[in-house]
Amino acid sequence: MAEPTTPTHTVFFISDGTGITAETFGNAILAQFELRPRHVRLPFTDTVDKAHQVVRQINHTAEMEGKRPIVFTTLVNMEVLKVINENCKGLLLDMFGTFVNPLETELGIKSNHRIGRFSDVSKSKAYNDRIEAINFSLEHDDGQSHRDLEQSDVILVGVSRSGKTPTSLYLAMQYGLKASNYPLIPEDFERRELPPALVPHRRKIFGLTIHPDRLSEIRNERRPNSRYASLENCRMEVAEAESMMRRCGIRWLSTTTKSIEEIATTILQEIRPERLDY
C-alpha cells in the first residue's frame with residue numbers, strides 16, 4: 001500500500017508535564033496504521049484556563065477538517081481532565097485513566113498522581129545516573145579516551161559509520177548505561193588484533209557491522225568520492241572487521257536494516273549489564 005502523501009488526521013498529545021509519555025505511547029499505537037497524521041504537541045496543560053484553550057484548538061480542528069482529531073492524554077489534574085473530557089470533540093484516549101485506575105483497584109493502593117516522570121529530578125538518583133552516563137558516553141565516543149574504560153557497561157566496536165555513536169547515546173539516555181565505542185581501523189586489521197585498550201574488557205564488547213553498499217552510501221554523504229567512501233574500501237573494511245570479531249569471539253550484528261531501538265535491545269540481551277534488572 002502506498003504511503004499517504006498528506007496527513008489524514010490530526011493527533012493531539014496533551015499532558016500537564018512534558019508530554020513525552022503521551023507522545024511515545026501514542027506513536028507506538030499509531031505505528032500500527034498506514035497513515036501520516038499531523039502532530040500537535042500541547043505540554044504543560046496544567047490549569048483549567050489552559051484546558052479551555054486546548055479544547056478550543058481541538059474543536060476548531062475538528063470543524064476545519066470535518067473529522068474528529070485523535071487526542072492522547074496523560075493528565076493527572078482531574079479538573080483539567082474534566083474540562084477536556086466534557087468539551088472536547090476529538091476521540092479522547094486517556095492513558096492514565098485506562099491503565100492507572102485499574103491498577104489502583106487491582107493493587108488496592110492509590111497512585112501518587114505525580115505530574116510527569118521528570119518532577120523532582122534533582123532528587124532522583126536514576127536521573128543523575130543517566131546524565132552521568134551521557135557525559136561518559138560522549139567522552140568515550142569514537143575512541144577519544146581510554147580513561148576509566150573499566151567503568152563502561154558496554155563497549156561497541158565496528159567500522160566508522162556503522163551506528164556506534166547513536167547506539168551509545170541511546171543506551172546512555174534511555175537506560176543510563178555508560179557506553180563506550182571504538183572504531184576498527186586499518187591499523188587494527190594489519191595487526192589482526194583488537195585495539196590494545198579494549199582487550200582487558202572483552203566480555204563487555206559488542207560489535208556492529210553493516211552492508212558495504214549501505215556503508216558506502218553513508219560515507220559518501222560525509223566525504224563524497226573519497227577512498228574512505230569507495231565501495232571497494234567499504235567491502236574490505238567490513239570483511240576485515242567481521243573476520244576480527246569472529247576470531248576474537250565477539251558477539252555482533254548488522255545494523256543495515258535495524259533501528260537504534262532494535263540494536264540496543266539486542267545488545268542488552270547479549271551483554272546483560274549488571275546495573276539493569278532482568
# chains A, B, ... in the order shown; residues from 1 in each chain; ligands from 1
$ select_by_dssp --residues "region 203-260 of chain A" --states "alpha helix (DSSP H)" --output "ChimeraX atom specification"
/A:212-222,231-248,260
$ residues_around --residues "region 180-184 of chain A" --least-positions-apart "6" --cutoff "8 Å" --atoms "only C-alpha atoms" --output "list in words"
Phe136, Ser137, His140, Asp141, Asp142, Gly143, Leu149, Ser152, Val154, Ile155, Leu156, Val157, Gly158, Val159, Ser160, Lys164, Thr165, Ser168, Leu194, Pro195 and Ala241 of chain A
$ write_last_selection --atoms "N, CA and C atoms" --output "mmCIF file, in the first residue's frame"
data_model
loop_
_atom_site.group_PDB
_atom_site.id
_atom_site.type_symbol
_atom_site.label_atom_id
_atom_site.label_comp_id
_atom_site.auth_asym_id
_atom_site.auth_seq_id
_atom_site.Cartn_x
_atom_site.Cartn_y
_atom_site.Cartn_z
ATOM 1 N N PHE A 136 29.649 10.389 30.134
ATOM 2 C CA PHE A 136 30.658 9.343 29.958
ATOM 3 C C PHE A 136 30.696 8.877 28.510
ATOM 4 N N SER A 137 29.528 8.645 27.923
ATOM 5 C CA SER A 137 29.456 8.143 26.551
ATOM 6 C C SER A 137 29.995 9.156 25.548
ATOM 7 N N HIS A 140 33.765 9.111 25.751
ATOM 8 C CA HIS A 140 34.355 7.876 25.231
ATOM 9 C C HIS A 140 33.815 7.537 23.844
ATOM 10 N N ASP A 141 33.401 8.556 23.107
ATOM 11 C CA ASP A 141 32.901 8.354 21.745
ATOM 12 C C ASP A 141 34.064 8.250 20.770
ATOM 13 N N ASP A 142 33.980 7.281 19.883
ATOM 14 C CA ASP A 142 34.949 7.142 18.789
ATOM 15 C C ASP A 142 36.379 6.967 19.296
ATOM 16 N N GLY A 143 36.530 6.302 20.457
ATOM 17 C CA GLY A 143 37.858 6.021 20.980
ATOM 18 C C GLY A 143 38.611 7.237 21.473
ATOM 19 N N LEU A 149 37.941 3.371 31.365
ATOM 20 C CA LEU A 149 37.263 2.483 30.425
ATOM 21 C C LEU A 149 36.626 1.294 31.134
ATOM 22 N N SER A 152 32.892 1.218 31.832
ATOM 23 C CA SER A 152 31.914 1.015 30.757
ATOM 24 C C SER A 152 31.013 -0.168 31.056
ATOM 25 N N VAL A 154 29.060 -1.172 28.471
ATOM 26 C CA VAL A 154 29.093 -1.753 27.129
ATOM 27 C C VAL A 154 30.158 -1.024 26.329
ATOM 28 N N ILE A 155 30.896 -1.769 25.502
ATOM 29 C CA ILE A 155 31.864 -1.165 24.583
ATOM 30 C C ILE A 155 31.513 -1.638 23.174
ATOM 31 N N LEU A 156 31.159 -0.703 22.315
ATOM 32 C CA LEU A 156 30.789 -1.042 20.943
ATOM 33 C C LEU A 156 31.989 -0.868 20.024
ATOM 34 N N VAL A 157 32.171 -1.832 19.130
ATOM 35 C CA VAL A 157 33.239 -1.738 18.134
ATOM 36 C C VAL A 157 32.644 -1.963 16.752
ATOM 37 N N GLY A 158 33.324 -1.428 15.751
ATOM 38 C CA GLY A 158 32.871 -1.585 14.377
ATOM 39 C C GLY A 158 33.543 -0.554 13.503
ATOM 40 N N VAL A 159 33.384 -0.686 12.194
ATOM 41 C CA VAL A 159 33.988 0.281 11.282
ATOM 42 C C VAL A 159 33.300 1.633 11.429
ATOM 43 N N SER A 160 33.956 2.650 10.966
ATOM 44 C CA SER A 160 33.404 4.003 11.025
ATOM 45 C C SER A 160 32.071 4.087 10.301
ATOM 46 N N LYS A 164 27.694 3.195 15.754
ATOM 47 C CA LYS A 164 28.164 3.071 17.135
ATOM 48 C C LYS A 164 27.756 4.268 18.000
ATOM 49 N N THR A 165 27.955 5.480 17.478
ATOM 50 C CA THR A 165 27.677 6.675 18.284
ATOM 51 C C THR A 165 26.199 6.823 18.637
ATOM 52 N N SER A 168 25.294 4.210 21.227
ATOM 53 C CA SER A 168 25.877 4.508 22.537
ATOM 54 C C SER A 168 25.060 5.560 23.274
ATOM 55 N N LEU A 194 42.388 -6.639 18.278
ATOM 56 C CA LEU A 194 41.603 -5.529 18.787
ATOM 57 C C LEU A 194 42.523 -4.412 19.266
ATOM 58 N N PRO A 195 42.016 -3.169 19.333
ATOM 59 C CA PRO A 195 42.806 -2.109 19.960
ATOM 60 C C PRO A 195 43.242 -2.560 21.348
ATOM 61 N N ALA A 241 36.650 -6.403 9.544
ATOM 62 C CA ALA A 241 36.055 -6.223 10.870
ATOM 63 C C ALA A 241 35.290 -7.469 11.292
#
$ atom_distance --atom1 "CA of Ala179 (chain A)" --atom2 "CA of Ala133 (chain A)"
7.5 Å
$ closest_atom_pairs --of "region 75-184 of chain A" --to "region 261-276 of chain A" --cutoff "8 Å" --atoms "only C-alpha atoms" --output "JSON lines"
{"residue": "A:Asp153", "atom": "CA", "partner": "A:Pro273", "partner_atom": "CA", "distance": 5.8}
{"residue": "A:Val154", "atom": "CA", "partner": "A:Ile271", "partner_atom": "CA", "distance": 7.3}
{"residue": "A:Thr167", "atom": "CA", "partner": "A:Ala264", "partner_atom": "CA", "distance": 6.4}
{"residue": "A:Tyr170", "atom": "CA", "partner": "A:Ala264", "partner_atom": "CA", "distance": 7.6}
{"residue": "A:Leu171", "atom": "CA", "partner": "A:Ala264", "partner_atom": "CA", "distance": 6.6}
$ write_last_selection --atoms "N, CA, C and O atoms" --output "JSON list (two decimals), in the first residue's frame"
[["chain", "number", "residue", "atom", "x", "y", "z"],
["A", 153, "ASP", "N", 29.72, 0.01, 30.81],
["A", 153, "ASP", "CA", 28.80, -1.12, 30.87],
["A", 153, "ASP", "C", 28.84, -1.90, 29.56],
["A", 153, "ASP", "O", 28.65, -3.11, 29.55],
["A", 154, "VAL", "N", 29.06, -1.17, 28.47],
["A", 154, "VAL", "CA", 29.09, -1.75, 27.13],
["A", 154, "VAL", "C", 30.16, -1.02, 26.33],
["A", 154, "VAL", "O", 30.32, 0.19, 26.46],
["A", 167, "THR", "N", 23.92, 4.59, 18.82],
["A", 167, "THR", "CA", 23.53, 3.50, 19.72],
["A", 167, "THR", "C", 24.07, 3.74, 21.12],
["A", 167, "THR", "O", 23.36, 3.50, 22.11],
["A", 170, "TYR", "N", 21.93, 6.38, 22.75],
["A", 170, "TYR", "CA", 20.61, 5.86, 23.08],
["A", 170, "TYR", "C", 20.67, 5.01, 24.35],
["A", 170, "TYR", "O", 19.82, 5.13, 25.24],
["A", 171, "LEU", "N", 21.69, 4.17, 24.46],
["A", 171, "LEU", "CA", 21.84, 3.34, 25.66],
["A", 171, "LEU", "C", 22.05, 4.20, 26.90],
["A", 171, "LEU", "O", 21.54, 3.88, 27.98]]
